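Contents: one structure, followed by commentary.
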Amino acid sequence: MKKFFYLCSTFLLVTLLAACGGDDGSEEQPTQPLPTLAPSATITPTPSDTPPPTTPAPTVPRRATLPPSWTPEPDEGQVITQEPIGPGEFDPNPDQLAFTAFFEQFDRTLWIINEDGSGQRIVIAAAPAFDWMPSGERLAVQLPSAESGAEVFVMERDASNSRVVTAGEFGDDINPVVSPDGNLVAFQADRDDDGARELYVNTIDGSSSTRVSSMPAGDGGYGWSPDSSRLIFTTNAEDTSRELYTVNADGSRETRLTENTLIESDPVWSPGGARIAFTCDNALCLINADGTGLQTLAEPGGMPDWSADAMRILYACEGVCVLNTNNGTSQTIIEGVTAQYPRWSPTEDALIFTTDTPIYTLYVARADGSNLTELATDDQPITAAKWNPVND
């Protein structure tokens, strides 16, 4: 049995070294009252979409358990062990997702699993951050580098054909976010070696690199506009609160959108590019892409995700909630969990989210909140769960 464990550890180390070319929850929200913002009635009316029905919080079946951070017994076999949820309980052609979790001596390991619990496997070890390429066939992954601490690599889903995209002489290149057209990748880097990370954009082939923020940026999140022309990011460089900015992909037209006492994070552009949903302190907020029309949509709330038609916003509340953008009403679809980063599946027939209490858990459920099921649990954080953008 010891021989099996050593072989598994050796395989992970070899995979990591090959990808690197041989080189080596949530923030507690302030409790002060929110400023009075514009009422939610200014949401542009759109054709009504019937909100999902309210369902009682179901008993959650336990389906998967990640190993603790110490060494598992060699005869445990696969690292994740569970029974498949079963045909028909979700899409018969299940969507795929990836997430990061601790494994053995590695700080983070990138996993892939199907929404029904099948197909679980390790992609690569020591990968604390990643993003899917739009094709769903490749990933942009943050990996260790002997030259600068960390670099962004692009690789296949099985970690083959890896190549470096970023190459900085100082600090780390971390937290890759791929543009919707797949041609660019945004990331944080300390190229000045001054201890502060700014926002950079590289072409996906690594042929060019541009610093796009004039100040330290991105610790509260950042993301691309739907047409891949602009970025939304957060920064607290100019005052004590964290504010929203936008900037063109070439670094031009850096524009401040908010100026208030709120701590803003998790900005997500609407599918049409006209509005941005985000977390403001402990509330779900909305603003037009030009900085006008700031309003509070729901409190408590945050960590939003838009539906493809912009008719609904999935968000974390005291559970998991859905807001109808036509009339501003919200509905709690999952209760009794401290949800983080709920996200629609590509077909929007399912959703995922993570929790950190009482144990770190990755959940999957139907889009209406029913059939809530554990996909993985661990005594260390499970983070960055993201659906493969293509259902294949």
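In the structure tokens, chains take letters A, B, ... by order of appearance, with residues numbered from 1 within each chain and ligands from 1 in the order shown.
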Out of segment 96-184 of chain A, which residues get strand (DSSP E or B) from DSSP, as an mmCIF file with C-alpha atoms, in the first residue's frame?
```cif
data_model
loop_
_atom_site.group_PDB
_atom_site.id
_atom_site.type_symbol
_atom_site.label_atom_id
_atom_site.label_comp_id
_atom_site.auth_asym_id
_atom_site.auth_seq_id
_atom_site.Cartn_x
_atom_site.Cartn_y
_atom_site.Cartn_z
ATOM 1 C CA GLN A 96 -18.379 19.708 -16.214
ATOM 2 C CA LEU A 97 -16.790 21.949 -13.626
ATOM 3 C CA ALA A 98 -13.394 22.531 -12.095
ATOM 4 C CA PHE A 99 -12.344 23.656 -8.627
ATOM 5 C CA THR A 100 -9.286 23.867 -6.410
ATOM 6 C CA ALA A 101 -8.714 22.048 -3.118
ATOM 7 C CA PHE A 102 -5.832 20.964 -0.911
ATOM 8 C CA PHE A 103 -4.178 17.614 -1.561
ATOM 9 C CA PHE A 106 0.424 20.663 -2.324
ATOM 10 C CA ASP A 107 -1.087 24.008 -1.391
ATOM 11 C CA ARG A 108 -3.744 23.725 -4.103
ATOM 12 C CA THR A 109 -4.733 21.064 -6.599
ATOM 13 C CA LEU A 110 -6.936 21.602 -9.643
ATOM 14 C CA TRP A 111 -9.734 19.056 -9.994
ATOM 15 C CA ILE A 112 -12.349 18.368 -12.674
ATOM 16 C CA ILE A 113 -15.673 16.671 -11.921
ATOM 17 C CA ASN A 114 -19.042 16.302 -13.653
ATOM 18 C CA ARG A 121 -9.842 13.545 -11.640
ATOM 19 C CA ILE A 122 -6.829 15.668 -10.776
ATOM 20 C CA VAL A 123 -5.636 17.980 -13.548
ATOM 21 C CA ILE A 124 -2.474 19.306 -11.912
ATOM 22 C CA ALA A 125 -1.099 20.019 -8.436
ATOM 23 C CA PHE A 130 -7.420 29.072 -13.000
ATOM 24 C CA ASP A 131 -9.979 30.015 -15.634
ATOM 25 C CA TRP A 132 -11.565 28.131 -18.518
ATOM 26 C CA ARG A 138 -8.208 24.286 -22.355
ATOM 27 C CA LEU A 139 -7.509 26.094 -19.093
ATOM 28 C CA ALA A 140 -5.441 29.095 -18.059
ATOM 29 C CA VAL A 141 -3.716 28.038 -14.834
ATOM 30 C CA GLN A 142 -1.517 29.781 -12.276
ATOM 31 C CA LEU A 143 1.494 27.592 -11.494
ATOM 32 C CA PRO A 144 4.780 27.996 -9.591
ATOM 33 C CA SER A 145 7.803 29.324 -11.476
ATOM 34 C CA GLY A 149 7.281 32.818 -8.118
ATOM 35 C CA ALA A 150 4.237 32.178 -10.319
ATOM 36 C CA GLU A 151 3.269 32.371 -13.978
ATOM 37 C CA VAL A 152 0.127 31.780 -16.018
ATOM 38 C CA PHE A 153 0.145 28.720 -18.272
ATOM 39 C CA VAL A 154 -2.365 27.495 -20.855
ATOM 40 C CA MET A 155 -2.915 23.743 -21.053
ATOM 41 C CA GLU A 156 -5.350 21.051 -22.126
ATOM 42 C CA ARG A 163 2.917 26.663 -22.401
ATOM 43 C CA VAL A 164 3.647 29.815 -20.465
ATOM 44 C CA ASP A 172 3.988 36.659 -9.125
ATOM 45 C CA ASP A 173 1.658 36.629 -12.121
ATOM 46 C CA ILE A 174 -1.555 35.395 -10.528
ATOM 47 C CA ASN A 175 -5.334 34.967 -10.833
ATOM 48 C CA PRO A 176 -5.840 34.621 -14.605
ATOM 49 C CA VAL A 177 -9.185 35.695 -16.123
ATOM 50 C CA VAL A 178 -9.641 34.858 -19.816
ATOM 51 C CA LEU A 184 -6.562 37.850 -23.997
#
```
Nearby residues (only C-alpha atoms) at most 12 Å from Gly223 of chain A, same-chain spacing under 5 positions excluded, as a PyMOL selection string: chain A and resi 131+175-180+184-188+199+201+217-218+228-234+244-249+265-270+273+276-278+305
Excluding Pro134 of chain A and any residue of its chain fewer than 3 positions from it, enumerate the residues within 7 Å of it, using only C-alpha atoms, and give them as a PDB file with C-alpha atoms, in the first residue's frame.
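Generated file (selection.pdb):
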```pdb
ATOM      1  CA  PRO A 180     -14.808  35.992 -23.635  1.00  0.00           C
ATOM      2  CA  ASP A 181     -13.256  35.835 -27.122  1.00  0.00           C
ATOM      3  CA  GLY A 182     -10.329  33.788 -25.806  1.00  0.00           C
ATOM      4  CA  PRO A 389     -18.425  27.070 -20.526  1.00  0.00           C
TER       5      PRO A 389
END
```
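Atom CA of Pro304 of chain A sits 25.5 Å away from atom CA of Arg253 of chain A.
Nearest to Pro346 of chain A of all the residues A:Ala308, A:Ala274, A:Ile382, A:Val212 is A:Ala308, counting only C-alpha atoms.
Relative to atom CA of Ile287 of chain A, atom CA of Ser252 of chain A is found at 21.0 Å.
With atom CA of Ser208 of chain A on one side and atom CA of Thr235 of chain A on the other, the separation reads 24.3 Å.
For the residues A:Arg312, A:Thr258, A:Ile333, A:Cys317, ranking by smallest atom-to-atom distance to Gly293 of chain A using only C-alpha atoms places A:Thr258 first.
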All residues 9 Å or closer to Glu299 of chain A, only C-alpha atoms, same chain fewer than 5 positions away omitted, as a short mmCIF file (atom, residue, chain, number, x, y, z; two decimals) with all heavy atoms, in the first residue's frame:
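Once everything was written out, this is selection.cif:
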```cif
data_model
loop_
_atom_site.label_atom_id
_atom_site.label_comp_id
_atom_site.auth_asym_id
_atom_site.auth_seq_id
_atom_site.Cartn_x
_atom_site.Cartn_y
_atom_site.Cartn_z
N ASN A 282 -22.55 44.47 2.47
CA ASN A 282 -23.28 43.21 2.61
C ASN A 282 -24.54 43.20 1.74
O ASN A 282 -25.52 42.56 2.07
CB ASN A 282 -23.67 43.00 4.08
CG ASN A 282 -24.15 41.60 4.36
OD1 ASN A 282 -23.64 40.63 3.82
ND2 ASN A 282 -25.17 41.48 5.21
N ALA A 283 -24.50 43.92 0.62
CA ALA A 283 -25.67 44.04 -0.24
C ALA A 283 -25.32 43.73 -1.68
O ALA A 283 -24.16 43.78 -2.09
CB ALA A 283 -26.27 45.44 -0.14
N LEU A 284 -26.36 43.39 -2.46
CA LEU A 284 -26.23 43.24 -3.90
C LEU A 284 -26.56 44.57 -4.54
O LEU A 284 -27.64 45.13 -4.31
CB LEU A 284 -27.20 42.16 -4.40
CG LEU A 284 -27.31 41.98 -5.92
CD1 LEU A 284 -26.00 41.46 -6.50
CD2 LEU A 284 -28.47 41.04 -6.25
N CYS A 285 -25.65 45.10 -5.34
CA CYS A 285 -25.83 46.41 -5.95
C CYS A 285 -25.71 46.32 -7.47
O CYS A 285 -25.19 45.34 -8.01
CB CYS A 285 -24.81 47.40 -5.41
SG CYS A 285 -25.08 47.85 -3.67
N CYS A 317 -27.17 35.02 -0.45
CA CYS A 317 -27.93 35.81 0.53
C CYS A 317 -27.78 35.08 1.86
O CYS A 317 -26.67 34.70 2.21
CB CYS A 317 -29.37 35.96 0.08
SG CYS A 317 -30.17 34.38 -0.36
#
```
Using only C-alpha atoms, determine which residues lie at most 12 Å from Thr357 of chain A, disregarding the query and same-chain residues fewer than 2 positions distant; provide the list as a PDB file with all heavy atoms, in the first residue's frame.
```
ATOM      1  N   GLY A  25     -13.393  33.137   1.226  1.00  0.00           N
ATOM      2  CA  GLY A  25     -14.314  33.107   1.541  1.00  0.00           C
ATOM      3  C   GLY A  25     -14.856  34.213   1.738  1.00  0.00           C
ATOM      4  O   GLY A  25     -14.718  35.156   1.559  1.00  0.00           O
ATOM      5  N   SER A  26     -14.685  34.078   2.548  1.00  0.00           N
ATOM      6  CA  SER A  26     -15.270  35.403   2.257  1.00  0.00           C
ATOM      7  C   SER A  26     -14.789  36.406   3.293  1.00  0.00           C
ATOM      8  O   SER A  26     -14.768  36.160   4.485  1.00  0.00           O
ATOM      9  CB  SER A  26     -16.791  35.416   2.303  1.00  0.00           C
ATOM     10  OG  SER A  26     -17.340  34.440   1.460  1.00  0.00           O
ATOM     11  N   GLY A 336     -30.563  27.685   4.728  1.00  0.00           N
ATOM     12  CA  GLY A 336     -29.824  26.905   5.707  1.00  0.00           C
ATOM     13  C   GLY A 336     -28.371  26.666   5.384  1.00  0.00           C
ATOM     14  O   GLY A 336     -27.734  25.811   5.999  1.00  0.00           O
ATOM     15  N   VAL A 337     -27.806  27.404   4.410  1.00  0.00           N
ATOM     16  CA  VAL A 337     -26.396  27.272   4.074  1.00  0.00           C
ATOM     17  C   VAL A 337     -25.779  28.666   3.964  1.00  0.00           C
ATOM     18  O   VAL A 337     -26.465  29.627   3.627  1.00  0.00           O
ATOM     19  CB  VAL A 337     -26.176  26.514   2.744  1.00  0.00           C
ATOM     20  CG1 VAL A 337     -26.605  25.072   2.860  1.00  0.00           C
ATOM     21  CG2 VAL A 337     -26.912  27.202   1.599  1.00  0.00           C
ATOM     22  N   THR A 338     -24.502  28.779   4.266  1.00  0.00           N
ATOM     23  CA  THR A 338     -23.765  30.024   4.060  1.00  0.00           C
ATOM     24  C   THR A 338     -23.092  29.924   2.704  1.00  0.00           C
ATOM     25  O   THR A 338     -21.955  29.469   2.582  1.00  0.00           O
ATOM     26  CB  THR A 338     -22.723  30.246   5.172  1.00  0.00           C
ATOM     27  OG1 THR A 338     -23.377  30.178   6.439  1.00  0.00           O
ATOM     28  CG2 THR A 338     -22.058  31.608   5.014  1.00  0.00           C
ATOM     29  N   ALA A 339     -23.780  30.329   1.665  1.00  0.00           N
ATOM     30  CA  ALA A 339     -23.316  30.105   0.294  1.00  0.00           C
ATOM     31  C   ALA A 339     -22.290  31.137  -0.128  1.00  0.00           C
ATOM     32  O   ALA A 339     -22.355  32.310   0.258  1.00  0.00           O
ATOM     33  CB  ALA A 339     -24.501  30.143  -0.666  1.00  0.00           C
ATOM     34  N   GLN A 340     -21.351  30.692  -0.942  1.00  0.00           N
ATOM     35  CA  GLN A 340     -20.353  31.578  -1.552  1.00  0.00           C
ATOM     36  C   GLN A 340     -20.303  31.295  -3.050  1.00  0.00           C
ATOM     37  O   GLN A 340     -20.279  30.155  -3.480  1.00  0.00           O
ATOM     38  CB  GLN A 340     -18.971  31.344  -0.930  1.00  0.00           C
ATOM     39  CG  GLN A 340     -18.906  31.663   0.556  1.00  0.00           C
ATOM     40  CD  GLN A 340     -17.553  31.348   1.154  1.00  0.00           C
ATOM     41  OE1 GLN A 340     -16.663  30.848   0.481  1.00  0.00           O
ATOM     42  NE2 GLN A 340     -17.402  31.628   2.434  1.00  0.00           N
ATOM     43  N   THR A 354     -20.135  27.078  -3.055  1.00  0.00           N
ATOM     44  CA  THR A 354     -19.299  26.511  -1.996  1.00  0.00           C
ATOM     45  C   THR A 354     -19.717  27.097  -0.657  1.00  0.00           C
ATOM     46  O   THR A 354     -20.352  28.155  -0.589  1.00  0.00           O
ATOM     47  CB  THR A 354     -17.807  26.790  -2.234  1.00  0.00           C
ATOM     48  OG1 THR A 354     -17.596  28.212  -2.309  1.00  0.00           O
ATOM     49  CG2 THR A 354     -17.323  26.138  -3.513  1.00  0.00           C
ATOM     50  N   THR A 355     -19.375  26.388   0.406  1.00  0.00           N
ATOM     51  CA  THR A 355     -19.565  26.887   1.766  1.00  0.00           C
ATOM     52  C   THR A 355     -18.296  26.629   2.565  1.00  0.00           C
ATOM     53  O   THR A 355     -17.462  25.793   2.179  1.00  0.00           O
ATOM     54  CB  THR A 355     -20.744  26.200   2.480  1.00  0.00           C
ATOM     55  OG1 THR A 355     -20.420  24.813   2.674  1.00  0.00           O
ATOM     56  CG2 THR A 355     -22.024  26.300   1.671  1.00  0.00           C
ATOM     57  N   ILE A 359     -18.188  22.690   7.364  1.00  0.00           N
ATOM     58  CA  ILE A 359     -17.017  22.117   6.710  1.00  0.00           C
ATOM     59  C   ILE A 359     -17.008  22.617   5.273  1.00  0.00           C
ATOM     60  O   ILE A 359     -18.053  22.975   4.720  1.00  0.00           O
ATOM     61  CB  ILE A 359     -17.059  20.572   6.748  1.00  0.00           C
ATOM     62  CG1 ILE A 359     -15.736  19.970   6.259  1.00  0.00           C
ATOM     63  CG2 ILE A 359     -18.228  20.033   5.935  1.00  0.00           C
ATOM     64  CD1 ILE A 359     -15.639  18.459   6.482  1.00  0.00           C
ATOM     65  N   TYR A 360     -15.846  22.711   4.684  1.00  0.00           N
ATOM     66  CA  TYR A 360     -15.734  23.197   3.308  1.00  0.00           C
ATOM     67  C   TYR A 360     -16.409  22.205   2.366  1.00  0.00           C
ATOM     68  O   TYR A 360     -16.074  21.019   2.345  1.00  0.00           O
ATOM     69  CB  TYR A 360     -14.273  23.378   2.923  1.00  0.00           C
ATOM     70  CG  TYR A 360     -13.563  24.397   3.782  1.00  0.00           C
ATOM     71  CD1 TYR A 360     -12.718  24.005   4.810  1.00  0.00           C
ATOM     72  CD2 TYR A 360     -13.751  25.760   3.565  1.00  0.00           C
ATOM     73  CE1 TYR A 360     -12.064  24.939   5.601  1.00  0.00           C
ATOM     74  CE2 TYR A 360     -13.105  26.704   4.353  1.00  0.00           C
ATOM     75  CZ  TYR A 360     -12.267  26.288   5.372  1.00  0.00           C
ATOM     76  OH  TYR A 360     -11.643  27.225   6.149  1.00  0.00           O
ATOM     77  N   THR A 361     -17.370  22.725   1.589  1.00  0.00           N
ATOM     78  CA  THR A 361     -18.201  21.849   0.773  1.00  0.00           C
ATOM     79  C   THR A 361     -18.505  22.499  -0.569  1.00  0.00           C
ATOM     80  O   THR A 361     -18.741  23.705  -0.646  1.00  0.00           O
ATOM     81  CB  THR A 361     -19.527  21.533   1.490  1.00  0.00           C
ATOM     82  OG1 THR A 361     -19.255  21.004   2.790  1.00  0.00           O
ATOM     83  CG2 THR A 361     -20.343  20.507   0.706  1.00  0.00           C
ATOM     84  N   LEU A 362     -18.489  21.698  -1.622  1.00  0.00           N
ATOM     85  CA  LEU A 362     -18.954  22.101  -2.948  1.00  0.00           C
ATOM     86  C   LEU A 362     -20.294  21.435  -3.190  1.00  0.00           C
ATOM     87  O   LEU A 362     -20.411  20.214  -3.104  1.00  0.00           O
ATOM     88  CB  LEU A 362     -17.947  21.673  -4.017  1.00  0.00           C
ATOM     89  CG  LEU A 362     -18.373  21.843  -5.486  1.00  0.00           C
ATOM     90  CD1 LEU A 362     -18.604  23.311  -5.829  1.00  0.00           C
ATOM     91  CD2 LEU A 362     -17.319  21.244  -6.417  1.00  0.00           C
ATOM     92  N   THR A 377     -16.271  17.482  -0.193  1.00  0.00           N
ATOM     93  CA  THR A 377     -16.055  18.119   1.100  1.00  0.00           C
ATOM     94  C   THR A 377     -14.591  17.986   1.479  1.00  0.00           C
ATOM     95  O   THR A 377     -13.891  17.078   1.027  1.00  0.00           O
ATOM     96  CB  THR A 377     -16.922  17.489   2.203  1.00  0.00           C
ATOM     97  OG1 THR A 377     -16.561  16.110   2.353  1.00  0.00           O
ATOM     98  CG2 THR A 377     -18.399  17.593   1.882  1.00  0.00           C
ATOM     99  N   ASP A 378     -14.140  18.881   2.345  1.00  0.00           N
ATOM    100  CA  ASP A 378     -12.748  18.844   2.788  1.00  0.00           C
ATOM    101  C   ASP A 378     -12.631  19.642   4.074  1.00  0.00           C
ATOM    102  O   ASP A 378     -13.491  20.476   4.393  1.00  0.00           O
ATOM    103  CB  ASP A 378     -11.833  19.444   1.709  1.00  0.00           C
ATOM    104  CG  ASP A 378     -10.360  19.110   1.930  1.00  0.00           C
ATOM    105  OD1 ASP A 378     -10.065  18.293   2.821  1.00  0.00           O
ATOM    106  OD2 ASP A 378      -9.506  19.673   1.228  1.00  0.00           O
ATOM    107  N   ASP A 379     -11.553  19.400   4.842  1.00  0.00           N
ATOM    108  CA  ASP A 379     -11.313  20.216   6.025  1.00  0.00           C
ATOM    109  C   ASP A 379     -10.458  21.432   5.691  1.00  0.00           C
ATOM    110  O   ASP A 379     -10.090  22.202   6.569  1.00  0.00           O
ATOM    111  CB  ASP A 379     -10.649  19.387   7.135  1.00  0.00           C
ATOM    112  CG  ASP A 379      -9.262  18.864   6.744  1.00  0.00           C
ATOM    113  OD1 ASP A 379      -8.901  19.001   5.554  1.00  0.00           O
ATOM    114  OD2 ASP A 379      -8.563  18.327   7.614  1.00  0.00           O
ATOM    115  N   GLN A 380     -10.130  21.617   4.420  1.00  0.00           N
ATOM    116  CA  GLN A 380      -9.419  22.789   3.925  1.00  0.00           C
ATOM    117  C   GLN A 380     -10.273  23.437   2.830  1.00  0.00           C
ATOM    118  O   GLN A 380     -11.151  22.786   2.250  1.00  0.00           O
ATOM    119  CB  GLN A 380      -8.045  22.403   3.358  1.00  0.00           C
ATOM    120  CG  GLN A 380      -7.113  21.754   4.371  1.00  0.00           C
ATOM    121  CD  GLN A 380      -6.645  22.735   5.424  1.00  0.00           C
ATOM    122  OE1 GLN A 380      -6.578  23.937   5.182  1.00  0.00           O
ATOM    123  NE2 GLN A 380      -6.325  22.229   6.611  1.00  0.00           N
ATOM    124  N   PRO A 381     -10.036  24.720   2.515  1.00  0.00           N
ATOM    125  CA  PRO A 381     -10.928  25.425   1.583  1.00  0.00           C
ATOM    126  C   PRO A 381     -11.053  24.772   0.213  1.00  0.00           C
ATOM    127  O   PRO A 381     -10.077  24.313  -0.375  1.00  0.00           O
ATOM    128  CB  PRO A 381     -10.275  26.811   1.470  1.00  0.00           C
ATOM    129  CG  PRO A 381      -9.558  26.986   2.765  1.00  0.00           C
ATOM    130  CD  PRO A 381      -9.044  25.625   3.117  1.00  0.00           C
ATOM    131  N   ILE A 382     -12.272  24.727  -0.290  1.00  0.00           N
ATOM    132  CA  ILE A 382     -12.580  24.383  -1.671  1.00  0.00           C
ATOM    133  C   ILE A 382     -12.985  25.695  -2.344  1.00  0.00           C
ATOM    134  O   ILE A 382     -13.922  26.356  -1.911  1.00  0.00           O
ATOM    135  CB  ILE A 382     -13.729  23.368  -1.764  1.00  0.00           C
ATOM    136  CG1 ILE A 382     -13.322  22.056  -1.091  1.00  0.00           C
ATOM    137  CG2 ILE A 382     -14.127  23.123  -3.210  1.00  0.00           C
ATOM    138  CD1 ILE A 382     -14.445  21.036  -1.014  1.00  0.00           C
TER     139      ILE A 382
END
```
Excluding Asn236 of chain A and any residue of its chain fewer than 4 positions from it, enumerate the residues within 8 Å of it, using only C-alpha atoms, and give them as an mmCIF file with C-alpha atoms, in the first residue's frame.
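Everything below was put into part-v2.cif:
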```cif
data_model
loop_
_atom_site.group_PDB
_atom_site.id
_atom_site.type_symbol
_atom_site.label_atom_id
_atom_site.label_comp_id
_atom_site.auth_asym_id
_atom_site.auth_seq_id
_atom_site.Cartn_x
_atom_site.Cartn_y
_atom_site.Cartn_z
ATOM 1 C CA PRO A 216 -2.766 48.455 -7.462
ATOM 2 C CA ALA A 217 -5.932 46.676 -8.518
ATOM 3 C CA THR A 240 -9.929 53.850 2.380
ATOM 4 C CA SER A 241 -12.937 52.245 0.659
ATOM 5 C CA ARG A 242 -12.774 49.869 -2.294
ATOM 6 C CA GLU A 243 -14.132 51.370 -5.509
#
```
